[in-house]
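J.: protein.txt is reproduced in full below (compact mmCIF, C-alpha atoms and all ligand atoms).
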```txt
# COMPACT_ATOMS: atom_id res chain seq x y z
CA MET K 1 9.79 -13.51 -2.03
CA GLU K 2 9.92 -15.00 1.42
CA VAL K 3 11.24 -13.50 4.63
CA GLU K 4 12.48 -15.54 7.56
CA HIS K 5 11.68 -13.82 10.83
CA ALA K 6 12.70 -15.06 14.26
CA CYS K 7 9.71 -15.36 16.60
CA PRO K 8 10.30 -12.61 19.22
CA GLN K 9 8.86 -14.88 21.92
CA CYS K 10 10.52 -18.29 21.32
CA GLY K 11 13.12 -17.54 18.65
CA ALA K 12 11.80 -20.15 16.19
CA PRO K 13 12.09 -19.27 12.49
CA VAL K 14 8.78 -18.12 10.97
CA VAL K 15 8.61 -17.68 7.20
CA LEU K 16 6.29 -14.99 5.87
CA ALA K 17 5.58 -13.56 2.43
CA GLU K 18 7.06 -10.13 1.83
CA SER K 19 3.68 -8.41 2.15
CA ASP K 20 2.55 -10.34 5.24
CA ARG K 21 2.20 -8.36 8.44
CA LEU K 22 0.67 -10.92 10.78
CA LEU K 23 3.19 -13.34 12.27
CA SER K 24 1.71 -16.55 13.69
CA CYS K 25 4.35 -18.69 15.36
CA PRO K 26 3.59 -22.41 14.79
CA PHE K 27 5.73 -23.33 17.81
CA CYS K 28 4.66 -21.07 20.68
CA ARG K 29 1.39 -20.00 19.00
CA VAL K 30 1.98 -16.29 19.62
CA ARG K 31 0.38 -13.96 17.07
CA LEU K 32 2.03 -10.60 16.49
CA TYR K 33 1.52 -7.76 14.06
CA LEU K 34 4.64 -6.33 12.40
CA TRP K 35 4.58 -2.55 12.26
CA SER K 36 7.11 0.04 11.18
CA ALA K 37 6.81 3.78 10.57
CA GLU K 38 9.31 3.45 7.71
CA VAL K 39 9.37 1.16 4.68
CA PHE K 40 10.24 -2.40 5.65
CA ARG K 41 13.93 -3.22 5.42
CA TYR K 42 15.25 -6.65 4.55
CA ARG K 43 18.66 -8.08 3.83
CA ILE K 44 19.71 -10.95 1.60
CA PRO K 45 22.00 -13.35 3.46
CA PRO K 46 25.40 -13.84 1.74
CA ALA K 47 26.29 -17.14 0.03
CA PRO K 48 27.65 -19.75 2.51
CA ALA K 49 31.20 -19.45 1.08
CA VAL K 50 31.12 -15.71 1.69
CA ASN K 51 29.30 -15.67 5.00
CA GLY K 52 31.43 -14.40 7.85
CA ARG K 53 33.68 -12.16 5.72
CA SER K 54 34.37 -9.00 7.65
CA ASP K 55 34.57 -6.80 4.53
CA LEU K 56 30.98 -7.28 3.32
CA VAL K 57 29.22 -4.14 2.18
CA TYR K 58 25.42 -4.13 2.09
CA VAL K 59 24.01 -2.15 -0.83
CA PRO K 60 20.40 -0.90 -0.65
CA TYR K 61 17.87 -1.67 -3.37
CA GLY K 62 14.36 -0.30 -3.53
CA ARG K 63 11.59 -2.74 -4.20
CA PHE K 64 8.05 -2.11 -5.39
CA ARG K 65 5.20 -4.41 -6.17
CA GLY K 66 1.79 -3.02 -6.83
CA MET K 67 -0.56 -1.51 -9.37
CA VAL K 68 0.24 1.22 -11.87
CA PHE K 69 -2.56 3.32 -13.35
CA ASP K 70 -2.29 5.64 -16.33
CA LEU K 71 -3.65 9.15 -15.77
CA GLU K 72 -3.72 10.30 -19.39
CA GLU K 73 -5.69 7.37 -20.75
CA PRO K 74 -7.06 5.87 -17.52
CA ASP K 75 -9.75 3.77 -19.13
CA GLN K 76 -7.81 2.24 -22.00
CA GLY K 77 -6.68 -0.91 -20.21
CA LYS K 78 -3.19 0.40 -19.49
CA GLU K 79 -3.37 -0.47 -15.79
CA ARG K 80 -0.92 -3.17 -14.82
CA VAL K 81 0.96 -4.91 -12.04
CA LEU K 82 4.55 -3.73 -11.62
CA ASP K 83 7.08 -5.87 -9.80
CA THR K 84 10.51 -4.28 -9.79
CA SER K 85 13.69 -3.51 -7.87
CA PHE K 86 16.22 -0.74 -8.41
CA LEU K 87 19.58 0.33 -7.01
CA ALA K 88 19.04 2.85 -4.21
CA ALA K 89 22.68 3.99 -4.00
CA PRO K 90 24.74 6.19 -6.33
CA ALA K 91 27.42 3.59 -7.06
CA ALA K 92 27.75 2.72 -10.75
CA LEU K 93 29.52 -0.57 -10.09
CA TYR K 94 26.66 -2.57 -8.64
CA PRO K 95 23.92 -4.21 -10.73
CA ILE K 96 21.06 -1.80 -11.38
CA THR K 97 18.42 -4.27 -10.19
CA LEU K 98 18.41 -7.20 -7.79
CA GLY K 99 17.38 -9.56 -10.58
CA LEU K 100 16.44 -12.95 -9.23
CA ARG K 101 18.76 -12.77 -6.20
CA PRO K 102 16.03 -12.40 -3.53
CA GLN K 103 14.15 -15.37 -4.93
CA THR K 104 17.05 -17.75 -4.47
CA LEU K 105 17.40 -17.17 -0.73
CA LYS K 106 15.06 -16.24 2.07
CA LEU K 107 15.31 -12.61 3.07
CA ARG K 108 15.88 -11.58 6.69
CA PRO K 109 14.75 -8.43 8.47
CA ALA K 110 17.58 -5.90 8.18
CA PHE K 111 18.93 -5.60 11.69
CA PHE K 112 22.58 -4.55 11.37
CA SER K 113 25.31 -4.59 14.00
CA SER K 114 27.79 -1.75 14.40
CA ALA K 115 30.38 -3.88 12.57
CA ASP K 116 28.21 -4.19 9.43
CA ARG K 117 28.83 -1.69 6.65
CA CYS K 118 25.85 -0.50 4.60
CA LEU K 119 25.82 2.09 1.86
CA ALA K 120 23.70 5.19 2.54
CA THR K 121 20.38 5.23 0.67
CA ARG K 122 20.18 7.56 -2.32
CA ILE K 123 17.02 7.19 -4.38
CA ALA K 124 16.96 8.50 -7.93
CA PRO K 125 14.10 10.98 -8.58
CA GLU K 126 12.37 8.62 -11.01
CA HIS K 127 12.23 5.89 -8.35
CA ARG K 128 10.96 8.06 -5.49
CA PRO K 129 7.25 7.59 -6.24
CA LEU K 130 7.76 3.81 -6.13
CA LEU K 131 9.07 3.98 -2.57
CA GLY K 132 6.53 6.65 -1.63
CA VAL K 133 9.32 9.18 -1.02
CA GLN K 134 8.69 12.86 -1.69
CA THR K 135 11.17 14.69 -3.90
CA PRO K 136 12.95 17.11 -1.57
CA SER K 137 12.86 20.70 -2.74
CA ARG K 138 16.04 22.63 -2.20
CA PRO K 139 15.63 25.95 -0.42
CA ASP K 140 18.17 27.65 -2.70
CA THR K 141 16.39 26.86 -5.98
CA PRO K 142 13.40 28.84 -7.21
CA PRO K 143 10.13 26.92 -6.98
CA SER K 144 9.58 25.10 -10.24
CA ARG K 145 6.22 24.24 -11.73
CA PRO K 146 5.24 20.82 -10.44
CA GLN K 147 5.52 18.31 -13.24
CA ARG K 148 2.29 16.74 -14.32
CA ARG K 149 2.25 13.13 -13.28
CA THR K 150 1.29 10.60 -15.89
CA THR K 151 0.93 7.52 -13.68
CA VAL K 152 -0.20 6.69 -10.16
CA THR K 153 1.26 3.77 -8.21
CA VAL K 154 -0.75 1.94 -5.57
CA GLY K 155 1.70 -0.18 -3.65
CA GLU K 156 1.36 -3.49 -1.99
CA VAL K 157 5.06 -3.90 -1.23
CA ARG K 158 7.42 -0.98 -0.78
CA SER K 159 10.65 -2.05 0.85
CA LEU K 160 14.41 -1.61 0.97
CA ILE K 161 16.47 -4.74 0.41
CA TYR K 162 20.16 -4.81 1.29
CA ALA K 163 22.32 -7.11 -0.86
CA PRO K 164 25.89 -8.09 0.15
CA PHE K 165 28.98 -7.32 -1.94
CA PHE K 166 32.71 -7.58 -1.12
CA GLU K 167 36.08 -6.61 -2.59
CA LYS K 168 38.72 -9.28 -3.29
CA ARG K 169 42.09 -8.43 -4.86
CA GLY K 170 40.82 -5.08 -6.11
CA ARG K 171 37.67 -6.50 -7.71
CA TRP K 172 34.16 -6.26 -6.40
CA HIS K 173 32.19 -9.47 -6.02
CA ASP K 174 28.53 -10.27 -5.66
CA GLY K 175 28.07 -11.71 -2.17
CA VAL K 176 24.99 -13.75 -3.13
CA LEU K 177 26.26 -15.34 -6.34
CA ASN K 178 29.95 -15.18 -5.29
CA THR K 179 30.97 -13.93 -8.75
CA PRO K 180 33.15 -10.94 -9.72
CA LEU K 181 31.47 -7.75 -10.90
CA GLY K 182 34.32 -5.83 -12.44
CA GLU K 183 36.38 -2.92 -11.30
CA ALA K 184 35.20 0.31 -9.84
CA PRO K 185 35.37 3.02 -12.53
CA ALA K 186 38.39 5.31 -12.10
CA GLY K 187 37.61 8.48 -10.22
CA SER K 188 34.43 7.12 -8.65
CA PRO K 189 33.66 8.83 -5.35
CA PRO K 190 34.43 7.00 -2.11
CA PRO K 191 31.49 5.01 -0.75
CA GLU K 192 29.18 6.86 1.58
CA TYR K 193 28.16 4.62 4.46
CA LEU K 194 24.93 4.64 6.41
CA PRO K 195 25.52 6.65 9.61
CA GLU K 196 25.49 4.57 12.79
CA ALA K 197 22.44 6.49 14.05
CA GLU K 198 20.37 5.45 11.03
CA LYS K 199 21.28 1.76 11.17
CA PRO K 200 18.72 0.50 13.71
CA TRP K 201 15.39 -0.25 12.12
CA ASP K 202 12.42 0.20 14.41
CA LEU K 203 10.28 -2.86 13.79
CA HIS K 204 7.50 -3.22 16.33
CA PHE K 205 5.81 -6.50 17.27
CA ILE K 206 2.31 -5.78 18.49
CA PRO K 207 0.31 -8.52 20.29
CA THR K 208 -2.98 -9.15 18.49
CA LEU K 209 -5.26 -9.44 21.51
CA CYS K 210 -8.35 -7.26 21.59
CA PRO K 211 -7.56 -4.33 23.95
CA ASP K 212 -11.27 -4.26 24.95
CA CYS K 213 -12.04 -7.90 25.73
CA GLY K 214 -8.73 -9.80 25.40
CA TRP K 215 -9.99 -12.09 22.61
CA ASP K 216 -7.70 -13.08 19.73
CA LEU K 217 -8.24 -10.62 16.89
CA ALA K 218 -9.17 -12.07 13.50
CA GLY K 219 -7.23 -11.35 10.35
CA VAL K 220 -5.37 -13.07 7.53
CA SER K 221 -1.59 -12.76 7.20
CA GLU K 222 -1.79 -9.75 4.88
CA SER K 223 -4.55 -7.92 6.81
CA CYS K 224 -3.87 -4.28 7.58
CA LEU K 225 -6.83 -3.93 9.96
CA LEU K 226 -7.91 -6.46 12.58
CA PHE K 227 -11.36 -7.16 13.96
CA CYS K 228 -12.48 -8.70 17.24
CA PRO K 229 -14.84 -11.64 16.62
CA GLN K 230 -16.06 -11.40 20.22
CA CYS K 231 -16.87 -7.71 20.87
CA ARG K 232 -16.96 -6.74 17.14
CA SER K 233 -14.48 -3.86 17.50
CA GLY K 234 -11.94 -2.82 14.86
CA TRP K 235 -8.23 -2.17 15.43
CA GLU K 236 -5.49 -0.56 13.41
CA PRO K 237 -1.87 -1.37 14.30
CA GLY K 238 0.06 1.81 14.99
CA GLU K 239 3.19 2.75 16.84
CA SER K 240 3.58 0.04 19.52
CA GLU K 241 -0.15 -0.35 20.05
CA LEU K 242 -3.51 -1.04 18.49
CA GLN K 243 -5.68 1.97 17.84
CA ARG K 244 -9.43 1.70 17.67
CA PHE K 245 -11.00 2.63 14.39
CA SER K 246 -14.61 2.82 13.42
CA PHE K 247 -16.20 1.14 10.45
CA PHE K 248 -19.64 0.93 8.94
CA SER K 249 -21.71 -1.43 6.91
CA GLN K 250 -24.76 -1.14 4.73
CA PRO K 251 -27.60 -3.09 6.33
CA VAL K 252 -29.25 -5.97 4.48
CA PRO K 253 -32.83 -7.21 4.90
CA PRO K 254 -33.16 -9.15 8.20
CA GLY K 255 -32.81 -12.91 8.08
CA ARG K 256 -30.73 -12.91 4.90
CA ASP K 257 -27.48 -14.85 5.15
CA ASP K 258 -26.66 -14.98 1.43
CA TYR K 259 -24.72 -11.73 1.54
CA PHE K 260 -20.95 -11.41 1.55
CA PHE K 261 -19.48 -8.00 2.40
CA LEU K 262 -16.55 -6.37 0.64
CA PRO K 263 -14.69 -3.54 2.37
CA PHE K 264 -14.34 -0.17 0.61
CA TRP K 265 -12.61 3.05 1.62
CA HIS K 266 -14.93 6.02 1.31
CA PHE K 267 -13.11 9.33 0.84
CA GLU K 268 -14.94 12.58 1.21
CA LEU K 269 -13.96 16.21 1.42
CA PRO K 270 -14.39 17.47 4.98
CA TYR K 271 -16.59 20.37 3.89
CA ALA K 272 -20.02 20.25 2.32
CA PRO K 273 -19.89 19.74 -1.47
CA ALA K 274 -21.89 22.90 -2.10
CA ASP K 275 -19.25 24.92 -0.27
CA TYR K 276 -16.69 24.53 -2.92
CA PHE K 277 -18.93 25.97 -5.57
CA ARG K 278 -18.73 29.67 -5.61
CA LEU K 279 -22.12 31.21 -5.07
CA PRO K 280 -22.31 33.07 -8.41
CA PHE K 281 -21.98 29.74 -10.16
CA SER K 282 -24.91 28.27 -8.27
CA ARG K 283 -27.04 31.35 -9.00
CA LEU K 284 -26.14 31.15 -12.65
CA LEU K 285 -27.39 27.59 -12.78
CA GLY K 286 -30.51 28.36 -10.76
CA LEU K 287 -29.56 25.99 -7.96
CA GLN K 288 -30.94 26.12 -4.45
CA ALA K 289 -28.54 26.38 -1.52
CA GLY K 290 -26.95 23.00 -0.84
CA GLN K 291 -28.02 21.59 -4.20
CA SER K 292 -25.25 20.20 -6.37
CA PRO K 293 -24.92 21.12 -10.03
CA PRO K 294 -25.65 18.31 -12.50
CA TRP K 295 -22.04 17.55 -13.44
CA GLN K 296 -21.15 17.22 -9.80
CA ARG K 297 -23.99 14.78 -9.25
CA GLU K 298 -22.56 12.68 -12.03
CA HIS K 299 -19.27 12.82 -10.23
CA GLY K 300 -20.51 11.17 -7.09
CA ARG K 301 -20.82 14.46 -5.16
CA GLY K 302 -17.09 14.84 -4.67
CA ASP K 303 -16.70 11.56 -2.86
CA TYR K 304 -14.88 8.46 -3.94
CA TRP K 305 -15.09 4.74 -3.19
CA VAL K 306 -11.97 2.60 -3.47
CA PRO K 307 -11.71 -1.16 -2.75
CA ALA K 308 -9.92 -1.84 0.55
CA PHE K 309 -8.59 -5.14 -0.77
CA LYS K 310 -6.18 -6.30 -3.43
CA ILE K 311 -7.48 -7.53 -6.74
CA SER K 312 -6.27 -7.38 -10.35
CA PRO K 313 -5.76 -3.72 -11.43
CA ARG K 314 -8.45 -3.84 -14.13
CA VAL K 315 -11.11 -5.14 -11.74
CA PHE K 316 -9.88 -2.78 -9.03
CA LEU K 317 -10.43 0.26 -11.27
CA ARG K 318 -13.81 -0.99 -12.46
CA LEU K 319 -14.96 -1.54 -8.86
CA ALA K 320 -13.72 1.91 -7.81
CA ARG K 321 -15.42 3.65 -10.74
CA THR K 322 -18.73 1.85 -10.42
CA ALA K 323 -18.88 2.24 -6.65
CA THR K 324 -18.05 5.96 -6.95
CA GLN K 325 -20.76 6.54 -9.55
CA ALA K 326 -23.43 4.44 -7.81
CA PRO K 327 -25.78 6.76 -5.95
CA GLY K 328 -26.66 6.61 -2.29
CA ALA K 329 -24.00 4.20 -1.06
CA GLU K 330 -23.22 6.43 1.92
CA THR K 331 -26.79 6.44 3.25
CA ASP K 332 -28.21 4.16 5.99
CA LEU K 333 -24.82 3.15 7.31
CA ALA K 334 -24.65 1.28 10.61
CA PRO K 335 -21.55 0.72 12.77
CA LEU K 336 -21.82 -3.05 12.43
CA LEU K 337 -19.28 -5.72 11.58
CA PRO K 338 -20.85 -8.14 9.09
CA GLU K 339 -20.46 -11.82 9.88
CA ARG K 340 -19.13 -12.80 6.45
CA HIS K 341 -16.69 -10.29 5.07
CA HIS K 342 -13.49 -10.05 3.04
CA PRO K 343 -10.35 -8.98 4.97
CA VAL K 344 -9.02 -5.43 4.61
CA THR K 345 -5.69 -5.79 2.80
CA LEU K 346 -5.17 -2.35 1.26
CA PRO K 347 -4.40 0.50 3.68
CA ALA K 348 -6.27 3.80 3.30
CA ALA K 349 -3.06 5.67 2.42
CA GLU K 350 -2.52 3.47 -0.64
CA ALA K 351 -6.19 3.47 -1.63
CA GLN K 352 -6.26 7.27 -1.44
CA ARG K 353 -3.78 7.50 -4.31
CA CYS K 354 -6.49 6.04 -6.50
CA ILE K 355 -8.75 9.10 -6.15
CA GLU K 356 -6.76 10.82 -8.87
CA VAL K 357 -7.23 7.85 -11.20
CA ILE K 358 -11.00 7.69 -10.64
CA GLN K 359 -11.25 11.44 -11.22
CA ALA K 360 -9.23 11.07 -14.44
CA CYS K 361 -11.69 8.38 -15.63
CA LEU K 362 -14.69 10.56 -14.78
CA ASP K 363 -13.14 13.62 -16.42
CA ARG K 364 -13.18 11.79 -19.72
CA GLU K 365 -16.88 11.07 -19.42
CA ALA K 366 -18.29 14.46 -18.55
CA ILE K 367 -17.54 18.13 -18.83
CA VAL K 368 -15.83 19.28 -15.68
CA LEU K 369 -15.27 22.86 -14.75
CA GLU K 370 -11.79 23.33 -13.37
CA SER K 371 -13.18 25.23 -10.37
CA SER K 372 -15.56 22.40 -9.45
CA ARG K 373 -12.96 19.70 -9.25
CA PRO K 374 -12.00 18.72 -5.72
CA ARG K 375 -8.40 19.54 -4.93
CA ILE K 376 -7.15 15.99 -4.88
CA GLU K 377 -3.59 16.81 -3.93
CA ASP K 378 -4.64 18.57 -0.72
CA GLY K 379 -4.84 15.31 1.16
CA ASP K 380 -7.43 16.66 3.63
CA TRP K 381 -9.86 13.86 2.86
CA GLU K 382 -12.07 12.30 5.46
CA LYS K 383 -11.98 8.55 5.22
CA ARG K 384 -14.07 5.72 6.56
CA LEU K 385 -14.25 2.01 6.03
CA VAL K 386 -17.58 0.72 4.75
CA PHE K 387 -18.58 -2.89 4.20
CA ILE K 388 -20.81 -3.14 1.13
CA PRO K 389 -23.13 -6.16 0.77
CA PHE K 390 -22.85 -8.38 -2.31
CA LEU K 391 -25.26 -11.22 -3.08
CA ASP K 392 -23.32 -14.46 -2.85
CA THR K 393 -24.19 -16.55 -5.92
CA ALA K 394 -22.47 -19.68 -7.26
CA TYR K 395 -19.60 -18.00 -9.11
CA GLU K 396 -20.18 -14.31 -8.61
CA LEU K 397 -20.74 -11.65 -5.99
CA ILE K 398 -23.36 -9.14 -7.14
CA GLN K 399 -24.05 -5.75 -5.59
CA PRO K 400 -27.84 -5.35 -5.77
CA ARG K 401 -27.89 -1.54 -5.87
CA SER K 402 -25.29 -0.90 -8.56
CA ARG K 403 -25.58 -4.33 -10.30
CA LEU K 404 -21.83 -4.54 -9.97
CA GLY K 405 -20.58 -8.11 -10.36
CA ILE K 406 -17.26 -9.62 -9.40
CA SER K 407 -16.13 -13.18 -9.96
CA LYS K 408 -15.24 -15.10 -6.80
CA ASN K 409 -12.26 -16.58 -8.58
CA CYS K 410 -10.89 -13.14 -9.28
CA LEU K 411 -11.33 -12.16 -5.64
CA ASN K 412 -9.42 -15.23 -4.48
CA LEU K 413 -6.60 -14.57 -6.95
CA GLY K 414 -6.30 -11.02 -5.62
CA LYS K 415 -4.00 -12.18 -2.85
CA TYR K 416 -1.35 -13.01 -5.44
CA ILE K 417 -1.20 -9.48 -6.87
ZN ZN O 1 7.27 -18.55 18.83
ZN ZN O 2 -12.91 -7.67 21.70
```
Once you've parsed the file, please lay out its structure as structure tokens.

T.:
Amino acid sequence: MEVEHACPQCGAPVVLAESDRLLSCPFCRVRLYLWSAEVFRYRIPPAPAVNGRSDLVYVPYGRFRGMVFDLEEPDQGKERVLDTSFLAAPAALYPITLGLRPQTLKLRPAFFSSADRCLATRIAPEHRPLLGVQTPSRPDTPPSRPQRRTTVTVGEVRSLIYAPFFEKRGRWHDGVLNTPLGEAPAGSPPPEYLPEAEKPWDLHFIPTLCPDCGWDLAGVSESCLLFCPQCRSGWEPGESELQRFSFFSQPVPPGRDDYFFLPFWHFELPYAPADYFRLPFSRLLGLQAGQSPPWQREHGRGDYWVPAFKISPRVFLRLARTATQAPGAETDLAPLLPERHHPVTLPAAEAQRCIEVIQACLDREAIVLESSRPRIEDGDWEKRLVFIPFLDTAYELIQPRSRLGISKNCLNLGKYI
């Protein structure tokens, strides 16, 4: 799907893919990063014959594109790409998905005027994980046992798309296809509109100049982190500004230029691994203080490595598992930006969801004591970005330490996930 933005500097139309965050205007050459604290909101423009009607109602649809991993059989090839949309309003009259509508027309950012009517967003419980929305717990109901999740979604696109509809002679019509839908079922509740206060969508345009040296930051259109090619600093777009973030890379022998670096998120519990083993356990196993028990060593010492870039789900999981199990990846790190590296296209928050999947894979391979398992749901992980060197051969990138190989073709296709 494509989105037509208006360049905030010169007003020229700039077409981006739905997952793109870096806007480069071909007319005035400004480069801006699009940032929002909420999910991105788009609207589908109405058909030309319908455009300008004053009775249009915009109905919200949730949209998800990303990877789905199975937690019960995580290593049985059930991982897949999911590309879906779903009605995010209670009305029974409207189509339950957007179908092909957004592909026929270019989407626009959803900036509504006070005259526009939009239905309030109501997301069904089964769709909440796809939009990254927590299920609200009601204070008046007793706390229920949390349901065991069976899948984990790692999103690339999570957005709300508003589609236009209108009523003509008592019948509702689709504002994109200009066709009738049918009649509202008798006794259906009156539509609940989006309150005026919730209509404005806070989309920030952040200039991509290095705050340290003023150089143009480097990044591809779907980058979520930007790097300065001049002073080698790293920047994360945040509310209205760029925030500095630190990164590391594993050094390679001097004088070698046949290495290409892939970015990984390294997640670690903020306390020493030995701390979460109760002492009696360690004594029982005859371990010295600070020494990890054997099953924990197999488990990568309670730390996890997840690719910080998009790639097919099967390769993604294989990379995450192998990197997590490979020993010593966190040693000898230097705060250096490698010359040749792959862009960071998967934010840490999305990558972090994968910890549960990696743990599920490892659980099937070794005996794990319940008490030794890190509490994944706590969310108090320390994270850092690490560039890992891969030997650049004709068709493959090969990690010398873990012998992990990845085809270059597969890496290039990753951007189409
Ligand atoms: Zn411009
Ligand atoms: Zn700089």

J.: May I have the residues within 6 Å of ligand ZN 1 (chain O), computed using all atoms listed in the file, as JSON, numbers by chain?

T.: {"K": [7, 9, 10, 11, 12, 25, 27, 28, 30]}

J.: Which polymer residues have any atom within 6 Å of an atom of K:His266, counting all atoms listed in the file, with same-chain residues fewer than 2 positions away left out, as a list of chain:residue names?

T.: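 Near K:His266, the qualifying residues are K:Tyr304, K:Trp305, K:Lys383, K:Arg384.
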
J.: Show me which residues are within 9 Å of ligand ZN 2 (chain O) counting only C-alpha atoms and all ligand atoms, and format the list as a PyMOL selection string.

T.: chain K and resi 209-217+227-234

J.: Between atom CA of K:Cys224 and atom CA of K:Leu337, what is the distance, to one decimal in Å?

T.: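 Atom CA of K:Cys224 sits 16.0 Å away from atom CA of K:Leu337.
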
J.: Between K:Lys199, K:Arg31, K:Arg256, K:His127, which one has atoms that come closest to K:Ser114, using only C-alpha atoms?

T.: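 Residue with the minimum atom-to-atom distance to K:Ser114: K:Lys199.
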
J.: Separation of atom CA of K:Asp303 and atom CA of K:Arg128, in Å?

T.: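 So the answer is 28.0 Å.
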
J.: List the neighbours of stretch 79-94 of chain K out to 9 Å using only C-alpha atoms; skip same-chain residues closer than 3 positions along the sequence, and give me the result as a PDB file with C-alpha atoms, keeping the file's coordinate frame.

T.:
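Here's the written file part-v6.pdb:
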```
ATOM      1  CA  VAL K  59      24.010  -2.150  -0.830  1.00  0.00           C
ATOM      2  CA  PRO K  60      20.400  -0.900  -0.650  1.00  0.00           C
ATOM      3  CA  TYR K  61      17.870  -1.670  -3.370  1.00  0.00           C
ATOM      4  CA  GLY K  62      14.360  -0.300  -3.530  1.00  0.00           C
ATOM      5  CA  ARG K  63      11.590  -2.740  -4.200  1.00  0.00           C
ATOM      6  CA  PHE K  64       8.050  -2.110  -5.390  1.00  0.00           C
ATOM      7  CA  ARG K  65       5.200  -4.410  -6.170  1.00  0.00           C
ATOM      8  CA  GLY K  66       1.790  -3.020  -6.830  1.00  0.00           C
ATOM      9  CA  MET K  67      -0.560  -1.510  -9.370  1.00  0.00           C
ATOM     10  CA  VAL K  68       0.240   1.220 -11.870  1.00  0.00           C
ATOM     11  CA  PHE K  69      -2.560   3.320 -13.350  1.00  0.00           C
ATOM     12  CA  ASP K  70      -2.290   5.640 -16.330  1.00  0.00           C
ATOM     13  CA  PRO K  74      -7.060   5.870 -17.520  1.00  0.00           C
ATOM     14  CA  ASP K  75      -9.750   3.770 -19.130  1.00  0.00           C
ATOM     15  CA  GLN K  76      -7.810   2.240 -22.000  1.00  0.00           C
ATOM     16  CA  THR K  97      18.420  -4.270 -10.190  1.00  0.00           C
ATOM     17  CA  LEU K  98      18.410  -7.200  -7.790  1.00  0.00           C
ATOM     18  CA  GLY K  99      17.380  -9.560 -10.580  1.00  0.00           C
ATOM     19  CA  LEU K 119      25.820   2.090   1.860  1.00  0.00           C
ATOM     20  CA  ALA K 120      23.700   5.190   2.540  1.00  0.00           C
ATOM     21  CA  THR K 121      20.380   5.230   0.670  1.00  0.00           C
ATOM     22  CA  ARG K 122      20.180   7.560  -2.320  1.00  0.00           C
ATOM     23  CA  ILE K 123      17.020   7.190  -4.380  1.00  0.00           C
ATOM     24  CA  ALA K 124      16.960   8.500  -7.930  1.00  0.00           C
ATOM     25  CA  HIS K 127      12.230   5.890  -8.350  1.00  0.00           C
ATOM     26  CA  THR K 153       1.260   3.770  -8.210  1.00  0.00           C
ATOM     27  CA  LEU K 160      14.410  -1.610   0.970  1.00  0.00           C
ATOM     28  CA  ILE K 161      16.470  -4.740   0.410  1.00  0.00           C
ATOM     29  CA  PHE K 165      28.980  -7.320  -1.940  1.00  0.00           C
ATOM     30  CA  TRP K 172      34.160  -6.260  -6.400  1.00  0.00           C
ATOM     31  CA  ASP K 174      28.530 -10.270  -5.660  1.00  0.00           C
ATOM     32  CA  LEU K 181      31.470  -7.750 -10.900  1.00  0.00           C
ATOM     33  CA  GLY K 182      34.320  -5.830 -12.440  1.00  0.00           C
ATOM     34  CA  GLU K 183      36.380  -2.920 -11.300  1.00  0.00           C
ATOM     35  CA  ALA K 184      35.200   0.310  -9.840  1.00  0.00           C
ATOM     36  CA  PRO K 185      35.370   3.020 -12.530  1.00  0.00           C
ATOM     37  CA  SER K 188      34.430   7.120  -8.650  1.00  0.00           C
ATOM     38  CA  PRO K 189      33.660   8.830  -5.350  1.00  0.00           C
ATOM     39  CA  PRO K 191      31.490   5.010  -0.750  1.00  0.00           C
ATOM     40  CA  SER K 312      -6.270  -7.380 -10.350  1.00  0.00           C
ATOM     41  CA  PRO K 313      -5.760  -3.720 -11.430  1.00  0.00           C
ATOM     42  CA  ARG K 314      -8.450  -3.840 -14.130  1.00  0.00           C
ATOM     43  CA  LEU K 317     -10.430   0.260 -11.270  1.00  0.00           C
ATOM     44  CA  ILE K 417      -1.200  -9.480  -6.870  1.00  0.00           C
TER      45      ILE K 417
END
```

J.: Which residues, written as a compact mmCIF listing (two decimals) with C-alpha atoms, keeping the file's coordinate frame, have at least one atom at most 9 Å from stretch 14-17 of chain K, with all atoms listed in the file counted and residues fewer than 3 positions away on the same chain left out?

T.:
```txt
# COMPACT_ATOMS: atom_id res chain seq x y z
CA MET K 1 9.79 -13.51 -2.03
CA GLU K 2 9.92 -15.00 1.42
CA VAL K 3 11.24 -13.50 4.63
CA GLU K 4 12.48 -15.54 7.56
CA HIS K 5 11.68 -13.82 10.83
CA ALA K 6 12.70 -15.06 14.26
CA CYS K 7 9.71 -15.36 16.60
CA GLY K 11 13.12 -17.54 18.65
CA ASP K 20 2.55 -10.34 5.24
CA ARG K 21 2.20 -8.36 8.44
CA LEU K 22 0.67 -10.92 10.78
CA LEU K 23 3.19 -13.34 12.27
CA SER K 24 1.71 -16.55 13.69
CA CYS K 25 4.35 -18.69 15.36
CA PRO K 26 3.59 -22.41 14.79
CA LYS K 106 15.06 -16.24 2.07
CA SER K 221 -1.59 -12.76 7.20
CA GLU K 222 -1.79 -9.75 4.88
```

J.: Would you mind reading off the distance between atom CA of K:Trp265 and atom CA of K:Pro207, one decimal, in Å?

T.: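 Computed distance, atom CA of K:Trp265 to atom CA of K:Pro207, equals 25.5 Å.
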